[in-house]
Amino acid sequence: LKSSNQRELTAFVCAERRFEKQLKQEQIHSLHSQTDNTTSSYNIIRAISSRTLAHLTDTILRTMEQLNIQIKSTHIPRSANKTADSLSRLNIADDYSLSRKTASRACMMMEFKPTIDIFASRKNRLTKEYCTINQDKKAIARDAFSISWAREQTIIHPPIPLIGQYLKRLLQERIQALIITPKWEGQYWQPLLQQMKGSSLNQEQADQILKNGTIANRRRWVLPSGELLASLISGKKVENMEKSCSEKQ
């Protein structure tokens with residue numbers, strides 16, 4: 001996707017597909033789209049577009065027609081669209097660091113003594129042993145998934161796209177860990193986190209305890225919204241639940 005217009009219309013197509021079932025169930029007959037992209041709004045209202053946007057525009061309108069939904073699009077200024085705009089520039093590349101003071105306090109309050117920091121750097125690591133994606137001779141590994149975590153007490157503040165992958169690995173290793181994540185409901189990894197979680201501790205707002213790196217500042221990426229959550233989790237907890245269920249059966 002080479003232009004912001006293409007990305008905006010593609011987001012609309014994805015939203016249609018994501019909520020198509022719900023739109024049918026709730027028998028929605030009209031839909032009001034608000035966007036700060038003037039081209040996208042014009043395309044939907046006039047049902048015409050340039051050659052590069054024609055396929056996306058046609059897909060949107062055809063889907064609405066199939067669902068028997070009348071669509072209306074309104075342009076709004078970017079100043080009135082701050083939440084959605086910030087989410088589109090969310091820093092998911094993890095070019096930010098967690099306050100060492102915050103992480104240390106969470107470990108102390110939850111009586112957790114980590115032996116390895118799975119995703120860190122030499123500057124912000126919390127333990128002597130650590131993994132980092134940077135070239136660092138003192139790090140245990142650059143790819144944390146390439147080593148065994150067995151017999152370790154891991155502390156993890158993973159990039160948002162990798163949270164689910166880290167949880168599955170912890171489940172496989174059947175170990176205990178302290179993981180710090182955004183407190184976001186509805187994420188695909190939330191059910192697994194809830195199953196594995198023993199205790200948790202609410203942290204401060206993300207923008208107060210996270211700091212963007214050089215690349216993130218240059219690209220104007222924003223930090224995750226809301227509070228962070230420190231969770232003490234265990235892969236063994238899920239294993240015990242499975243054993244209990246099988247015994248009852």
# chains A, B, ... in the order shown; residues from 1 in each chain; ligands from 1

$ select_by_dssp --residues "stretch 3-150 of chain A" --states "strand (DSSP E or B)" --output "PyMOL selection string"
chain A and resi 30-35+70-75+90+96-98+116-117+129-131+141

$ write_last_selection --atoms "N, CA and C atoms" --output "PDB file, in the first residue's frame"
ATOM      1  N   SER A  30     -28.108   1.282   8.198  1.00  0.00           N
ATOM      2  CA  SER A  30     -27.368   2.474   7.788  1.00  0.00           C
ATOM      3  C   SER A  30     -26.072   2.560   8.583  1.00  0.00           C
ATOM      4  N   LEU A  31     -25.042   3.088   7.936  1.00  0.00           N
ATOM      5  CA  LEU A  31     -23.721   3.165   8.546  1.00  0.00           C
ATOM      6  C   LEU A  31     -23.115   4.531   8.252  1.00  0.00           C
ATOM      7  N   HIS A  32     -22.582   5.155   9.290  1.00  0.00           N
ATOM      8  CA  HIS A  32     -21.979   6.481   9.147  1.00  0.00           C
ATOM      9  C   HIS A  32     -20.477   6.375   9.375  1.00  0.00           C
ATOM     10  N   SER A  33     -19.714   6.634   8.338  1.00  0.00           N
ATOM     11  CA  SER A  33     -18.255   6.584   8.416  1.00  0.00           C
ATOM     12  C   SER A  33     -17.699   7.991   8.602  1.00  0.00           C
ATOM     13  N   GLN A  34     -16.794   8.131   9.567  1.00  0.00           N
ATOM     14  CA  GLN A  34     -16.121   9.406   9.797  1.00  0.00           C
ATOM     15  C   GLN A  34     -14.626   9.215   9.582  1.00  0.00           C
ATOM     16  N   THR A  35     -14.033  10.056   8.766  1.00  0.00           N
ATOM     17  CA  THR A  35     -12.617   9.923   8.446  1.00  0.00           C
ATOM     18  C   THR A  35     -11.979  11.290   8.267  1.00  0.00           C
ATOM     19  N   GLN A  70     -27.166   1.258   3.882  1.00  0.00           N
ATOM     20  CA  GLN A  70     -26.916   2.560   3.269  1.00  0.00           C
ATOM     21  C   GLN A  70     -25.743   3.209   3.999  1.00  0.00           C
ATOM     22  N   ILE A  71     -24.738   3.628   3.240  1.00  0.00           N
ATOM     23  CA  ILE A  71     -23.532   4.171   3.857  1.00  0.00           C
ATOM     24  C   ILE A  71     -23.414   5.669   3.618  1.00  0.00           C
ATOM     25  N   LYS A  72     -22.974   6.359   4.662  1.00  0.00           N
ATOM     26  CA  LYS A  72     -22.744   7.798   4.597  1.00  0.00           C
ATOM     27  C   LYS A  72     -21.339   8.068   5.117  1.00  0.00           C
ATOM     28  N   SER A  73     -20.622   8.949   4.465  1.00  0.00           N
ATOM     29  CA  SER A  73     -19.259   9.258   4.890  1.00  0.00           C
ATOM     30  C   SER A  73     -19.105  10.754   5.128  1.00  0.00           C
ATOM     31  N   THR A  74     -18.487  11.088   6.253  1.00  0.00           N
ATOM     32  CA  THR A  74     -18.289  12.491   6.625  1.00  0.00           C
ATOM     33  C   THR A  74     -16.820  12.738   6.921  1.00  0.00           C
ATOM     34  N   HIS A  75     -16.321  13.840   6.405  1.00  0.00           N
ATOM     35  CA  HIS A  75     -14.933  14.207   6.700  1.00  0.00           C
ATOM     36  C   HIS A  75     -14.881  14.982   8.011  1.00  0.00           C
ATOM     37  N   LEU A  90       0.822   3.899  16.232  1.00  0.00           N
ATOM     38  CA  LEU A  90       1.244   3.210  17.444  1.00  0.00           C
ATOM     39  C   LEU A  90       2.609   2.560  17.260  1.00  0.00           C
ATOM     40  N   TYR A  96      11.037   1.373  22.322  1.00  0.00           N
ATOM     41  CA  TYR A  96      10.853   2.126  23.554  1.00  0.00           C
ATOM     42  C   TYR A  96      11.331   1.257  24.706  1.00  0.00           C
ATOM     43  N   SER A  97      11.568   1.872  25.832  1.00  0.00           N
ATOM     44  CA  SER A  97      12.082   1.124  26.978  1.00  0.00           C
ATOM     45  C   SER A  97      11.209   1.355  28.200  1.00  0.00           C
ATOM     46  N   LEU A  98      11.189   0.358  29.063  1.00  0.00           N
ATOM     47  CA  LEU A  98      10.422   0.410  30.302  1.00  0.00           C
ATOM     48  C   LEU A  98      11.303   0.938  31.424  1.00  0.00           C
ATOM     49  N   ILE A 116      16.592 -13.916  34.282  1.00  0.00           N
ATOM     50  CA  ILE A 116      16.942 -13.509  32.920  1.00  0.00           C
ATOM     51  C   ILE A 116      15.888 -12.536  32.394  1.00  0.00           C
ATOM     52  N   ASP A 117      16.351 -11.505  31.711  1.00  0.00           N
ATOM     53  CA  ASP A 117      15.477 -10.517  31.074  1.00  0.00           C
ATOM     54  C   ASP A 117      15.417 -10.879  29.589  1.00  0.00           C
ATOM     55  N   GLU A 129      21.875 -11.758  33.228  1.00  0.00           N
ATOM     56  CA  GLU A 129      21.672 -12.439  31.950  1.00  0.00           C
ATOM     57  C   GLU A 129      20.485 -11.809  31.223  1.00  0.00           C
ATOM     58  N   TYR A 130      20.650 -11.594  29.934  1.00  0.00           N
ATOM     59  CA  TYR A 130      19.586 -10.955  29.164  1.00  0.00           C
ATOM     60  C   TYR A 130      19.718 -11.305  27.688  1.00  0.00           C
ATOM     61  N   CYS A 131      18.616 -11.113  26.966  1.00  0.00           N
ATOM     62  CA  CYS A 131      18.592 -11.287  25.512  1.00  0.00           C
ATOM     63  C   CYS A 131      18.275  -9.936  24.885  1.00  0.00           C
ATOM     64  N   ALA A 141      21.698 -14.163  24.034  1.00  0.00           N
ATOM     65  CA  ALA A 141      21.273 -14.444  22.657  1.00  0.00           C
ATOM     66  C   ALA A 141      20.604 -13.210  22.071  1.00  0.00           C
TER      67      ALA A 141
END

$ select_by_dssp --residues "stretch 82-159 of chain A" --states "alpha helix (DSSP H)" --output "VMD selection string"
chain A and resid 82 to 88 100 to 109

$ residues_around --residues "A:Arg46" --least-positions-apart "2" --cutoff "12 Å" --atoms "only C-alpha atoms" --output "MDAnalysis selection string"
chainID A and resid 39:44 48:50 54 57:58 61 71:74

$ residues_around --residues "A:Arg122" --least-positions-apart "2" --cutoff "10 Å" --atoms "only C-alpha atoms" --output "list in words"
Ala120, Asn124, Arg125, Leu126, Thr127, Lys128, Glu129, Tyr130, Cys131, Thr132, Asn134, Asp136, Lys138 and Ala139 of chain A

$ residues_around --residues "A:Ile180" --least-positions-apart "6" --cutoff "7 Å" --atoms "only C-alpha atoms" --output "short mmCIF file (atom, residue, chain, number, x, y, z; two decimals) with N, CA and C atoms, in the first residue's frame"
data_model
loop_
_atom_site.label_atom_id
_atom_site.label_comp_id
_atom_site.auth_asym_id
_atom_site.auth_seq_id
_atom_site.Cartn_x
_atom_site.Cartn_y
_atom_site.Cartn_z
N ILE A 156 9.66 -10.38 31.29
CA ILE A 156 9.47 -10.08 29.88
C ILE A 156 8.59 -8.85 29.71
N HIS A 157 9.06 -7.93 28.89
CA HIS A 157 8.22 -6.83 28.41
C HIS A 157 8.31 -6.87 26.89
N LEU A 228 -0.31 -0.11 32.04
CA LEU A 228 0.39 -1.37 31.85
C LEU A 228 0.00 -2.31 32.99
N LEU A 229 0.14 -3.60 32.74
CA LEU A 229 -0.22 -4.60 33.73
C LEU A 229 0.94 -5.57 33.91
N ALA A 230 1.38 -5.73 35.15
CA ALA A 230 2.42 -6.72 35.46
C ALA A 230 1.71 -7.98 35.96
N SER A 231 1.95 -9.10 35.28
CA SER A 231 1.26 -10.34 35.63
C SER A 231 2.26 -11.44 35.95
#

$ residues_around --residues "A:Arg105" --least-positions-apart "5" --cutoff "12 Å" --atoms "only C-alpha atoms" --output "PyMOL selection string"
chain A and resi 99-100+110-113+126+201-204+230

$ write_last_selection --atoms "N, CA and C atoms" --output "PDB file, in the first residue's frame"
ATOM      1  N   SER A  99      10.739   1.768  32.255  1.00  0.00           N
ATOM      2  CA  SER A  99      11.467   2.305  33.397  1.00  0.00           C
ATOM      3  C   SER A  99      11.970   1.167  34.288  1.00  0.00           C
ATOM      4  N   ARG A 100      13.267   1.142  34.560  1.00  0.00           N
ATOM      5  CA  ARG A 100      13.839   0.096  35.416  1.00  0.00           C
ATOM      6  C   ARG A 100      13.251   0.178  36.822  1.00  0.00           C
ATOM      7  N   MET A 110       5.707  -8.243  43.993  1.00  0.00           N
ATOM      8  CA  MET A 110       5.156  -9.557  43.682  1.00  0.00           C
ATOM      9  C   MET A 110       6.091 -10.682  44.128  1.00  0.00           C
ATOM     10  N   GLU A 111       7.151 -10.288  44.855  1.00  0.00           N
ATOM     11  CA  GLU A 111       8.111 -11.244  45.414  1.00  0.00           C
ATOM     12  C   GLU A 111       8.642 -12.198  44.340  1.00  0.00           C
ATOM     13  N   PHE A 112       9.057 -11.598  43.254  1.00  0.00           N
ATOM     14  CA  PHE A 112       9.566 -12.369  42.115  1.00  0.00           C
ATOM     15  C   PHE A 112      11.025 -11.989  41.874  1.00  0.00           C
ATOM     16  N   LYS A 113      11.887 -12.986  41.808  1.00  0.00           N
ATOM     17  CA  LYS A 113      13.310 -12.746  41.582  1.00  0.00           C
ATOM     18  C   LYS A 113      13.707 -13.273  40.200  1.00  0.00           C
ATOM     19  N   LEU A 126      17.350  -5.869  33.564  1.00  0.00           N
ATOM     20  CA  LEU A 126      17.070  -5.973  34.993  1.00  0.00           C
ATOM     21  C   LEU A 126      17.850  -7.097  35.657  1.00  0.00           C
ATOM     22  N   LEU A 201      -0.620  -6.828  38.913  1.00  0.00           N
ATOM     23  CA  LEU A 201      -0.442  -5.536  39.569  1.00  0.00           C
ATOM     24  C   LEU A 201      -0.556  -4.441  38.520  1.00  0.00           C
ATOM     25  N   ASN A 202      -1.526  -3.551  38.706  1.00  0.00           N
ATOM     26  CA  ASN A 202      -1.688  -2.437  37.778  1.00  0.00           C
ATOM     27  C   ASN A 202      -0.512  -1.475  37.898  1.00  0.00           C
ATOM     28  N   GLN A 203      -0.020  -1.037  36.745  1.00  0.00           N
ATOM     29  CA  GLN A 203       1.069  -0.070  36.713  1.00  0.00           C
ATOM     30  C   GLN A 203       0.512   1.306  36.330  1.00  0.00           C
ATOM     31  N   GLU A 204       1.393   2.258  36.155  1.00  0.00           N
ATOM     32  CA  GLU A 204       0.970   3.599  35.770  1.00  0.00           C
ATOM     33  C   GLU A 204       0.608   3.638  34.289  1.00  0.00           C
ATOM     34  N   ALA A 230       1.385  -5.731  35.146  1.00  0.00           N
ATOM     35  CA  ALA A 230       2.417  -6.720  35.464  1.00  0.00           C
ATOM     36  C   ALA A 230       1.714  -7.977  35.961  1.00  0.00           C
TER      37      ALA A 230
END

$ closest_residue --among "A:Pro114, A:Gly235, A:Pro158, A:Pro77" --to "A:Gly198" --atoms "only C-alpha atoms"
A:Gly235

$ closest_residue --among "A:Glu227, A:Cys107, A:Ile133, A:Ile69" --to "A:Leu178" --atoms "only C-alpha atoms"
A:Cys107

$ residues_around --residues "A:Gly164" --least-positions-apart "2" --cutoff "9 Å" --atoms "only C-alpha atoms" --output "ChimeraX atom specification"
/A:160-162,166-169,188-190,192-193

$ write_last_selection --atoms "C-alpha atoms" --output "mmCIF file, in the first residue's frame"
data_model
loop_
_atom_site.group_PDB
_atom_site.id
_atom_site.type_symbol
_atom_site.label_atom_id
_atom_site.label_comp_id
_atom_site.auth_asym_id
_atom_site.auth_seq_id
_atom_site.Cartn_x
_atom_site.Cartn_y
_atom_site.Cartn_z
ATOM 1 C CA ILE A 160 3.033 -5.980 21.285
ATOM 2 C CA PRO A 161 2.912 -8.242 18.171
ATOM 3 C CA LEU A 162 4.925 -10.924 20.017
ATOM 4 C CA TYR A 166 5.796 -15.341 24.223
ATOM 5 C CA LEU A 167 2.816 -16.666 26.182
ATOM 6 C CA LYS A 168 2.716 -19.845 24.100
ATOM 7 C CA ARG A 169 6.432 -20.375 24.679
ATOM 8 C CA TYR A 188 -6.432 -12.383 21.039
ATOM 9 C CA TRP A 189 -3.818 -13.233 23.687
ATOM 10 C CA GLN A 190 -5.974 -12.120 26.636
ATOM 11 C CA LEU A 192 -4.418 -17.307 27.425
ATOM 12 C CA LEU A 193 -2.994 -14.639 29.726
#

$ closest_residue --among "A:Pro182, A:Glu173, A:Cys14, A:Gln6" --to "A:Asn37" --atoms "only C-alpha atoms"
A:Gln6

$ atom_distance --atom1 "atom CA of A:Ala206" --atom2 "atom CA of A:Arg220"
16.2 Å

$ atom_distance --atom1 "atom CA of A:Arg174" --atom2 "atom CA of A:Ser234"
6.6 Å

$ atom_distance --atom1 "atom CA of A:Ser79" --atom2 "atom CA of A:Gly186"
26.9 Å

$ closest_residue --among "A:Asn5, A:Thr63, A:Arg151, A:Asp36" --to "A:Ile76" --atoms "only C-alpha atoms"
A:Asp36

$ decode --residues "stretch 27-43 of chain A" --atoms "N, CA and C atoms" --output "PDB file, in the first residue's frame"
ATOM      1  N   GLN A  27     -28.955  -6.466  12.288  1.00  0.00           N
ATOM      2  CA  GLN A  27     -29.816  -5.913  11.234  1.00  0.00           C
ATOM      3  C   GLN A  27     -29.607  -4.406  11.058  1.00  0.00           C
ATOM      4  N   ILE A  28     -28.350  -4.042  10.888  1.00  0.00           N
ATOM      5  CA  ILE A  28     -28.000  -2.638  10.671  1.00  0.00           C
ATOM      6  C   ILE A  28     -28.381  -2.240   9.246  1.00  0.00           C
ATOM      7  N   HIS A  29     -29.063  -1.102   9.109  1.00  0.00           N
ATOM      8  CA  HIS A  29     -29.512  -0.655   7.788  1.00  0.00           C
ATOM      9  C   HIS A  29     -28.801   0.602   7.303  1.00  0.00           C
ATOM     10  N   SER A  30     -28.108   1.282   8.198  1.00  0.00           N
ATOM     11  CA  SER A  30     -27.368   2.474   7.788  1.00  0.00           C
ATOM     12  C   SER A  30     -26.072   2.560   8.583  1.00  0.00           C
ATOM     13  N   LEU A  31     -25.042   3.088   7.936  1.00  0.00           N
ATOM     14  CA  LEU A  31     -23.721   3.165   8.546  1.00  0.00           C
ATOM     15  C   LEU A  31     -23.115   4.531   8.252  1.00  0.00           C
ATOM     16  N   HIS A  32     -22.582   5.155   9.290  1.00  0.00           N
ATOM     17  CA  HIS A  32     -21.979   6.481   9.147  1.00  0.00           C
ATOM     18  C   HIS A  32     -20.477   6.375   9.375  1.00  0.00           C
ATOM     19  N   SER A  33     -19.714   6.634   8.338  1.00  0.00           N
ATOM     20  CA  SER A  33     -18.255   6.584   8.416  1.00  0.00           C
ATOM     21  C   SER A  33     -17.699   7.991   8.602  1.00  0.00           C
ATOM     22  N   GLN A  34     -16.794   8.131   9.567  1.00  0.00           N
ATOM     23  CA  GLN A  34     -16.121   9.406   9.797  1.00  0.00           C
ATOM     24  C   GLN A  34     -14.626   9.215   9.582  1.00  0.00           C
ATOM     25  N   THR A  35     -14.033  10.056   8.766  1.00  0.00           N
ATOM     26  CA  THR A  35     -12.617   9.923   8.446  1.00  0.00           C
ATOM     27  C   THR A  35     -11.979  11.290   8.267  1.00  0.00           C
ATOM     28  N   ASP A  36     -10.683  11.374   8.589  1.00  0.00           N
ATOM     29  CA  ASP A  36      -9.967  12.632   8.364  1.00  0.00           C
ATOM     30  C   ASP A  36      -9.250  12.615   7.018  1.00  0.00           C
ATOM     31  N   ASN A  37      -9.554  11.591   6.205  1.00  0.00           N
ATOM     32  CA  ASN A  37      -8.979  11.483   4.866  1.00  0.00           C
ATOM     33  C   ASN A  37     -10.019  11.968   3.854  1.00  0.00           C
ATOM     34  N   THR A  38      -9.782  13.123   3.270  1.00  0.00           N
ATOM     35  CA  THR A  38     -10.770  13.735   2.371  1.00  0.00           C
ATOM     36  C   THR A  38     -11.032  12.888   1.128  1.00  0.00           C
ATOM     37  N   THR A  39      -9.989  12.275   0.582  1.00  0.00           N
ATOM     38  CA  THR A  39     -10.145  11.467  -0.629  1.00  0.00           C
ATOM     39  C   THR A  39     -11.036  10.260  -0.381  1.00  0.00           C
ATOM     40  N   SER A  40     -10.809   9.570   0.719  1.00  0.00           N
ATOM     41  CA  SER A  40     -11.614   8.390   1.043  1.00  0.00           C
ATOM     42  C   SER A  40     -13.077   8.761   1.233  1.00  0.00           C
ATOM     43  N   SER A  41     -13.307   9.853   1.933  1.00  0.00           N
ATOM     44  CA  SER A  41     -14.676  10.305   2.161  1.00  0.00           C
ATOM     45  C   SER A  41     -15.369  10.640   0.840  1.00  0.00           C
ATOM     46  N   TYR A  42     -14.663  11.342  -0.038  1.00  0.00           N
ATOM     47  CA  TYR A  42     -15.218  11.723  -1.340  1.00  0.00           C
ATOM     48  C   TYR A  42     -15.519  10.490  -2.188  1.00  0.00           C
ATOM     49  N   ASN A  43     -14.604   9.523  -2.190  1.00  0.00           N
ATOM     50  CA  ASN A  43     -14.794   8.310  -2.992  1.00  0.00           C
ATOM     51  C   ASN A  43     -16.060   7.561  -2.590  1.00  0.00           C
TER      52      ASN A  43
END
